[in-house]
Amino acid sequence: MSSTLLEQTRAAHEEVERLERLIVKDFMNEPPSSKDRLYQGHRVRQLIDTITSTTEKLIEIYEDKDNARKDEIAALGGQTATGTNVFSAFYDRLKEIREYHRKHPVARVVDANEEEEALLKEEPQIEFSGEEAFGRYLDLHELYNQYINSKFGEPIEYSAYLDTISQPQKIPHKLKSSRQYREYMENLLAYLIYFFQRTEPLQDLDRIFLKVETEFEEQWVDGKVKGWENEKQENGHVQDQLTMIDLDYYSTVEELMEVGPEKLKEALASLGLKTGGTVQQRAERLFLTKDTPLEKLDKKHFAKGSRGAEQNGAAAAPQQVDNLKEIALLEAKTKKLCDLLSEAIERTRDNIMKKQALTYEEIEAEREEEETQADTESDDDEQQIYNPLKLPMGWDGKPIPYWLYKLHGLGQEFKCEICGNYSYWGRRAFERHFKEWRHQHGMRCLGIPNTKNFNEITSIEEAKELWKRIQARQGVNKWRPDLEEEYEDREGNIYNKKTYTDLQRQGLI
């Protein structure tokens with residue numbers, strides 16, 4: 001029945017409307033868990049992709065580049081080469097419909113409701129590694145190994161590496177122009193894009209990157225790209241970026257030889273110079289470029305196939321500037337993705353720190369507990385507890401009886417600033433907390449003894465003022481050892497220190 005172009009157009013419009021209703025119906029169901037929410041996002045993403053492809057087909061039909069639609073509409077009106085015959089076109093169409101139903105007498109009509117229910121219950125296949133834990137954490141171990149084993153990296157812990165991926169500006173510029181750094185940034189960006197597409201399927205990443213590129217172009221022209229503000233892009237100053245070796249630090253060829261043959265070879269190749277010879281010959285050839293511009297060097301120093309000194313100095317520089325610009329754009333996109341995935345990066349860092357303090361058995365037990373909790377999360381959310389009076393929850397997770405709530409005054413909230421603004425529900429719990437460790441620790445941090453004088457005191461300022469008054473009062477009635485310190489003689493008589501000293505001086509004791 002869909003052999004005609006108009007029927008295909010009608011079916012495509014119907015399909016688009018059906019998918020739109022299905023998306024709305026799916027969004028009306030609130031997912032009970034993060035796993036179901038991820039499934040919902042990927043289902044909707046697939047429906048949107050289907051709508052997009054169907055709409056593109058409709059656009060091609062309406063453009064009618066081959067005039068097929070126009071000819072079909074004319075044929076329906078009975079217009080032929082010999083003239084107009086409406087009845088002939090009508091009976092031909094009727095014959096075609098009858099022939100179709102004769103060939104397919106038992107064609108099954110698909111119930112749209114059943115198909116929609118099946119689509120809403122579908123669980124798309126999403127690929128996550130075990131370390132990613134279904135999108136909760138990032139798995140950057142391969143990139144971490146690439147970073148610590150590179151020339152631009154440093155030997156740091158994996159948890160510290162998670163902070164460096166969003167801070168590429170800390171890497172020196174002379175190391176960023178290498179092919180190794182470019183490959184690392186491309187791999188890092190590719191992984192972040194892949195992870196973002198799996199965890200945020202409804203985000204329009206193309207639109208996000210378009211905005212990033214637009215802002216980057218404006219900032220690059222003004223020289224305000226973060227980490228590249230002082231970048232010299234003139235042809236005369238790009239030479240240091242090309243060679244990756246700052247020749248100003250070397251005063252002799254012997255000092256330049258300590259860089260090593262590989263770096264010298266890379267630096268010479270980037271300038272179009274010959275890369276052969278011993279380490280000393282390479283160093284001498286490169287050292288010539290310190291004070292002599294490329295266009296003034298003898299042609300014998302350039303490699304075969306190069307265009308010579310006239311174009312090496314003029315063409316190589318813009319090419320390398322574009323290369324640095326592409327690397328800076330990779331960094332800008334990576335920073336944007338790190339901002340969008342900041343919560344996942346923070347969860348990954350916390351998970352790594354916690355794993356370092358656990359044994360293998362504890363890690364496995366915790367992983368099994370998380371899987372069990374994820375499976376039962378939806379069941380717990382469905383069992384909503386009826387609590388219209390908003391009573392406090394008991395030990396069993398259910399509201400306490402109302403009579404107990406009124407008897408102990410559990411509806412009254414007491415906050416203690418000394419305990420870190422901790423809330424105590426009920427008078428009894430509030431009176432009891434003055435002897436608990438939390439309140440005692442708070443008083444100890446304030447340098448105040450936790451005595452009965454400070455009962456009912458919950459404010460830090462009030463506690464400090466009371467302690468000052470107590471200290472002032474003790475200053476008037478402070479302990480005087482000459483009158484209050486007691487001494488005992490051999491007969492058991494007790495005297496204060498002053499009396500005992502006077503009698504001892506007189507020889508009476």
# chains A, B, ... in the order shown; residues from 1 in each chain; ligands from 1
call {"tool": "residues_around", "arguments": {"residues": "Glu284 (chain A)", "least_positions_apart": "6", "cutoff": "9 Å", "atoms": "only C-alpha atoms", "output": "MDAnalysis selection string"}}
result
chainID A and resid 253:254 256:257
call {"tool": "write_last_selection", "arguments": {"atoms": "N, CA and C atoms", "output": "CSV table (one decimal), in the first residue's frame"}}
result
chain,number,residue,atom,x,y,z
A,253,VAL,N,77.6,24.8,21.3
A,253,VAL,CA,77.1,23.6,20.7
A,253,VAL,C,77.1,22.4,21.7
A,254,GLU,N,78.2,22.4,22.5
A,254,GLU,CA,78.3,21.3,23.5
A,254,GLU,C,77.1,21.3,24.4
A,256,LEU,N,74.1,22.3,23.8
A,256,LEU,CA,72.9,21.9,23.0
A,256,LEU,C,73.0,20.4,22.7
A,257,MET,N,74.1,19.8,22.7
A,257,MET,CA,74.2,18.3,22.4
A,257,MET,C,73.6,17.5,23.6
call {"tool": "residues_around", "arguments": {"residues": "region 26-29 of chain A", "least_positions_apart": "5", "cutoff": "9 Å", "atoms": "only C-alpha atoms", "output": "count of residues only"}}
result
5
call {"tool": "closest_residue", "arguments": {"among": "A:Asp139, A:Ala74, A:Ile345, A:Lys325", "to": "Gln219 (chain A)", "atoms": "only C-alpha atoms"}}
result
A:Lys325
call {"tool": "closest_residue", "arguments": {"among": "A:Thr55, A:Asn455, A:Gln167, A:Ser129", "to": "Lys336 (chain A)", "atoms": "only C-alpha atoms"}}
result
A:Gln167
call {"tool": "residues_around", "arguments": {"residues": "region 10-16 of chain A", "least_positions_apart": "4", "cutoff": "10 Å", "atoms": "only C-alpha atoms", "output": "ChimeraX atom specification"}}
result
/A:2,5-6,20-22,47-48,50-55,57-58
call {"tool": "write_last_selection", "arguments": {"atoms": "all heavy atoms", "output": "CSV table (one decimal), in the first residue's frame"}}
result
chain,number,residue,atom,x,y,z
A,2,SER,N,2.1,1.1,0.4
A,2,SER,CA,3.0,2.3,0.5
A,2,SER,C,3.8,2.4,-0.8
A,2,SER,O,4.9,2.9,-0.7
A,2,SER,CB,3.9,2.2,1.7
A,2,SER,OG,4.7,1.0,1.6
A,5,LEU,N,4.1,7.5,-3.8
A,5,LEU,CA,4.8,8.5,-3.1
A,5,LEU,C,4.0,9.3,-2.1
A,5,LEU,O,4.4,9.6,-1.0
A,5,LEU,CB,5.5,9.5,-4.1
A,5,LEU,CG,6.7,10.3,-3.6
A,5,LEU,CD1,7.8,9.4,-3.2
A,5,LEU,CD2,7.1,11.2,-4.7
A,6,LEU,N,2.7,9.5,-2.4
A,6,LEU,CA,1.8,10.2,-1.5
A,6,LEU,C,1.5,9.4,-0.3
A,6,LEU,O,1.4,9.9,0.9
A,6,LEU,CB,0.5,10.6,-2.2
A,6,LEU,CG,0.7,11.7,-3.3
A,6,LEU,CD1,-0.7,11.9,-4.0
A,6,LEU,CD2,1.2,13.0,-2.7
A,20,GLU,N,6.3,11.4,18.5
A,20,GLU,CA,6.2,12.5,19.4
A,20,GLU,C,5.3,12.3,20.5
A,20,GLU,O,5.6,12.6,21.7
A,20,GLU,CB,5.7,13.8,18.6
A,20,GLU,CG,6.7,14.3,17.6
A,20,GLU,CD,6.2,15.5,16.8
A,20,GLU,OE1,4.9,15.7,16.8
A,20,GLU,OE2,6.9,16.1,16.1
A,21,ARG,N,4.2,11.6,20.3
A,21,ARG,CA,3.3,11.2,21.4
A,21,ARG,C,3.9,10.2,22.3
A,21,ARG,O,3.7,10.3,23.6
A,21,ARG,CB,2.0,10.7,20.8
A,21,ARG,CG,1.1,11.7,20.2
A,21,ARG,CD,-0.3,11.1,19.9
A,21,ARG,NE,-0.3,9.9,19.1
A,21,ARG,CZ,-0.4,9.9,17.8
A,21,ARG,NH1,-0.6,11.1,17.1
A,21,ARG,NH2,-0.4,8.8,17.1
A,22,LEU,N,4.7,9.3,21.8
A,22,LEU,CA,5.4,8.3,22.6
A,22,LEU,C,6.4,9.0,23.5
A,22,LEU,O,6.6,8.6,24.6
A,22,LEU,CB,6.0,7.3,21.7
A,22,LEU,CG,6.6,6.1,22.3
A,22,LEU,CD1,5.5,5.3,23.1
A,22,LEU,CD2,7.3,5.1,21.3
A,47,LEU,N,14.3,7.7,19.7
A,47,LEU,CA,13.1,8.2,19.0
A,47,LEU,C,13.3,9.5,18.3
A,47,LEU,O,12.8,9.7,17.2
A,47,LEU,CB,12.0,8.4,20.1
A,47,LEU,CG,11.5,7.1,20.8
A,47,LEU,CD1,10.5,7.4,21.8
A,47,LEU,CD2,10.9,6.1,19.8
A,48,ILE,N,14.1,10.4,18.9
A,48,ILE,CA,14.5,11.7,18.3
A,48,ILE,C,15.3,11.4,17.0
A,48,ILE,O,15.0,12.1,16.0
A,48,ILE,CB,15.2,12.6,19.3
A,48,ILE,CG1,14.3,13.0,20.4
A,48,ILE,CG2,15.8,13.8,18.6
A,48,ILE,CD1,15.0,13.8,21.5
A,50,THR,N,15.1,8.8,15.1
A,50,THR,CA,14.2,8.3,14.1
A,50,THR,C,13.3,9.4,13.5
A,50,THR,O,13.1,9.4,12.3
A,50,THR,CB,13.3,7.2,14.8
A,50,THR,OG1,14.1,6.2,15.4
A,50,THR,CG2,12.4,6.6,13.7
A,51,ILE,N,12.9,10.3,14.4
A,51,ILE,CA,12.1,11.5,13.9
A,51,ILE,C,12.9,12.3,12.9
A,51,ILE,O,12.5,12.8,11.9
A,51,ILE,CB,11.6,12.3,15.0
A,51,ILE,CG1,10.5,11.5,15.8
A,51,ILE,CG2,11.0,13.6,14.6
A,51,ILE,CD1,10.1,12.3,17.1
A,52,THR,N,14.2,12.5,13.3
A,52,THR,CA,15.1,13.3,12.4
A,52,THR,C,15.3,12.7,11.0
A,52,THR,O,15.2,13.4,10.0
A,52,THR,CB,16.4,13.5,13.1
A,52,THR,OG1,16.2,14.1,14.4
A,52,THR,CG2,17.4,14.4,12.3
A,53,SER,N,15.6,11.4,11.0
A,53,SER,CA,15.8,10.7,9.7
A,53,SER,C,14.5,10.7,8.9
A,53,SER,O,14.5,10.9,7.7
A,53,SER,CB,16.3,9.3,10.0
A,53,SER,OG,15.3,8.5,10.7
A,54,THR,N,13.3,10.5,9.5
A,54,THR,CA,12.0,10.5,8.8
A,54,THR,C,11.8,11.9,8.2
A,54,THR,O,11.3,12.0,7.1
A,54,THR,CB,10.9,10.0,9.7
A,54,THR,OG1,11.2,8.8,10.3
A,54,THR,CG2,9.6,9.9,9.0
A,55,THR,N,12.1,12.9,9.0
A,55,THR,CA,11.8,14.3,8.6
A,55,THR,C,12.7,14.6,7.4
A,55,THR,O,12.3,15.3,6.4
A,55,THR,CB,12.1,15.3,9.7
A,55,THR,OG1,11.3,14.9,10.9
A,55,THR,CG2,11.7,16.7,9.3
A,57,LYS,N,13.7,12.5,5.1
A,57,LYS,CA,13.1,11.9,4.0
A,57,LYS,C,11.9,12.7,3.4
A,57,LYS,O,11.7,12.8,2.2
A,57,LYS,CB,12.6,10.5,4.3
A,57,LYS,CG,13.8,9.5,4.6
A,57,LYS,CD,13.2,8.2,5.0
A,57,LYS,CE,14.4,7.2,5.3
A,57,LYS,NZ,13.9,5.9,5.8
A,58,LEU,N,11.1,13.3,4.4
A,58,LEU,CA,10.0,14.1,4.0
A,58,LEU,C,10.4,15.3,3.2
A,58,LEU,O,9.8,15.8,2.2
A,58,LEU,CB,9.2,14.5,5.2
A,58,LEU,CG,8.2,13.4,5.8
A,58,LEU,CD1,7.6,13.9,7.1
A,58,LEU,CD2,7.1,13.1,4.8
call {"tool": "atom_distance", "arguments": {"atom1": "CA of Thr458 (chain A)", "atom2": "CA of Pro401 (chain A)"}}
result
29.1 Å
call {"tool": "select_by_dssp", "arguments": {"residues": "region 127-273 of chain A", "states": "helix (DSSP H, G or I)", "output": "count of residues only"}}
result
87
call {"tool": "closest_residue", "arguments": {"among": "A:Glu17, A:Lys65, A:Thr4, A:Arg182", "to": "Leu324 (chain A)", "atoms": "only C-alpha atoms"}}
result
A:Arg182
